[in-house]
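Presented below is the structure to which this report refers.
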Amino acid sequence: MTTPLIGHISFYDMNMYFFIYAFLGWIAEVIYATLKTGKFVNRGFLNGPVCPIYGVGMAFIVLFLNPLAEKWWLLFIVGALFATLLELVTGFVLDKLFHTKWWDYSKEHFNIKGYVCLRFTFIWGFAVLILFNTLVPLTDKLISLVPPKWVGYSLLIAFWLIILTDFTATVIQLKGVKKDIKELDRLSALLHKNSDALGEKVSDITLSVSEKLKTLSEKIKN
């Protein structure tokens with residue numbers, strides 16, 4: 001059913017996967033929140049437009065589950081369990097460290113402390129199948145389009161510097177540490193502003209498409 005990745009998955013590719021899917025995961029969260037609430041909600045942990053849990057999850061899923069790519073049923077099961085475990089550990093750690101829940105499945109059936117639930121375990125399983133059949137091949141092509149490796153590595157270094165700085169600033173803010181670090185504050189404000197601006201556009205497009213689909217559906221019914 002699925003086509004396994006070709007060749008060795010390098011450290012360079014792993015990093016590229018992390019940033020690409022951290023961004024796409026953030027987009028997915030914005031779309032999901034918009035459809036659920038009818039407005040833009042920035043559900044990201046950081047100030048920038050990234051959700052690291054998606055980047056980490058996808059990078060490790062590609063690395064460890066690639067050998068299972070031809071066995072779709074095994075890929076579904078292992079992928080669902082892996083993604084659920086990652087969500088459980090991440091949710092627990094964030095909750096204990098910052099006393100805040102970035103997602104809460106408490107109202108879902110068969111949930112564990114609101115960190116994970118059975119419905120999303122199945123969703124993650126199907127998502128892994130879709131990823132291996134569509135997005136992974138497209139991502140490989142996208143990565144191959146990056147000019148000489150030194151350009152790619154330069155981009156990765158820049159991305160890591162930004163995300164690590166963003167993470168540091170976010171932890172300082174959440175922990176309530178009173179430190180006057182103007183450079184961090186300025187970067188955080190800039191990232192948050194641009195993230196919100198991008199999120200608002202994604203949210204507006206989502207609502208527009210949703211309304212058009214709803215209108216189309218009503219016309220078909222009539």
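Note on naming: chains are A, B, ... as they come in the structure tokens, residues start from 1 per chain, ligands start from 1 in the order shown.
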
Apply DSSP to the backbone of this structure and, from region 2-40 of chain A, keep only the residues in alpha helix (DSSP H); write these as a VMD selection string. chain A and resid 11 to 37

Residues of region 116-221 of chain A at most 12 Å from region 12-31 of chain A: nearest atom pair and distance in Å, only C-alpha atoms, as a tab-separated table:
```
residue	atom	partner	partner_atom	distance
A:Ala127	CA	A:Gly25	CA	11.8
A:Leu131	CA	A:Tyr21	CA	10.6
A:Leu135	CA	A:Tyr21	CA	9.8
A:Val136	CA	A:Tyr17	CA	9.0
A:Pro137	CA	A:Tyr17	CA	11.6
A:Leu138	CA	A:Ile20	CA	11.3
A:Thr139	CA	A:Tyr17	CA	7.7
A:Asp140	CA	A:Asp13	CA	8.4
A:Lys141	CA	A:Asp13	CA	11.3
A:Leu142	CA	A:Ile20	CA	9.8
A:Ile143	CA	A:Met16	CA	7.2
A:Ser144	CA	A:Asp13	CA	9.6
A:Val146	CA	A:Met16	CA	10.4
A:Lys149	CA	A:Tyr12	CA	8.9
A:Trp150	CA	A:Tyr12	CA	10.8
A:Val151	CA	A:Tyr12	CA	11.7
A:Gly152	CA	A:Tyr12	CA	8.4
A:Tyr153	CA	A:Tyr12	CA	7.6
A:Ser154	CA	A:Tyr12	CA	11.2
A:Leu155	CA	A:Met16	CA	9.5
A:Leu156	CA	A:Asn15	CA	7.3
A:Ile157	CA	A:Asn15	CA	10.0
A:Ala158	CA	A:Phe19	CA	11.3
A:Phe159	CA	A:Phe19	CA	7.8
A:Trp160	CA	A:Phe19	CA	9.0
A:Ile162	CA	A:Phe19	CA	11.5
A:Ile163	CA	A:Phe19	CA	9.6
A:Ser195	CA	A:Trp26	CA	9.8
A:Asp196	CA	A:Val30	CA	10.1
A:Ala197	CA	A:Val30	CA	11.9
A:Leu198	CA	A:Ile27	CA	9.2
A:Gly199	CA	A:Val30	CA	6.5
A:Glu200	CA	A:Val30	CA	8.8
A:Lys201	CA	A:Val30	CA	10.1
A:Val202	CA	A:Ile31	CA	7.0
A:Ser203	CA	A:Ile31	CA	6.2
A:Asp204	CA	A:Ile31	CA	9.5
A:Ile205	CA	A:Ile31	CA	9.1
A:Thr206	CA	A:Ile31	CA	6.3
A:Leu207	CA	A:Ile31	CA	8.8
A:Ser208	CA	A:Ile31	CA	11.6
A:Val209	CA	A:Ile31	CA	10.9
A:Ser210	CA	A:Ile31	CA	10.4
```

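The residue set within 12 Å of Leu88 (chain A), counting only C-alpha atoms and dropping same-chain residues fewer than 2 places from it, reads Ile53, Leu81, Phe82, Ala83, Thr84, Leu85, Leu86, Thr90, Gly91, Phe92, Val93, Leu94, Asp95, Lys101, Trp102, Trp103, Asp104, Tyr105, Asn111, Ile112, Lys113, Gly114, Tyr115, Val116, Cys117, Leu118, Phe120 and Thr121 of chain A.
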
Point out the residue among A:Ile172, A:Leu97, A:Val128, A:Leu164 with the least atom-to-atom distance to Val50 (chain A), counting only C-alpha atoms. A:Leu164

Selection: 9 Å around region 75-77 of chain A, only C-alpha atoms, excl. self and same-chain fewer than 5 positions, as a list of chain:residue names: A:Leu65, A:Asn66, A:Leu68, A:Ala69, A:Glu70, A:Phe82, A:Phe122, A:Trp124, A:Gly125, A:Phe126, A:Ala127, A:Val128, A:Leu129

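Compared by their closest atoms to Arg43 (chain A), and using only C-alpha atoms, the residues A:His192, A:Lys219, A:His99, A:Ile9 rank with A:His192 nearest.
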
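The interatomic distance for the pair CA of Gly55 (chain A) and CA of Leu35 (chain A) works out to 22.6 Å.
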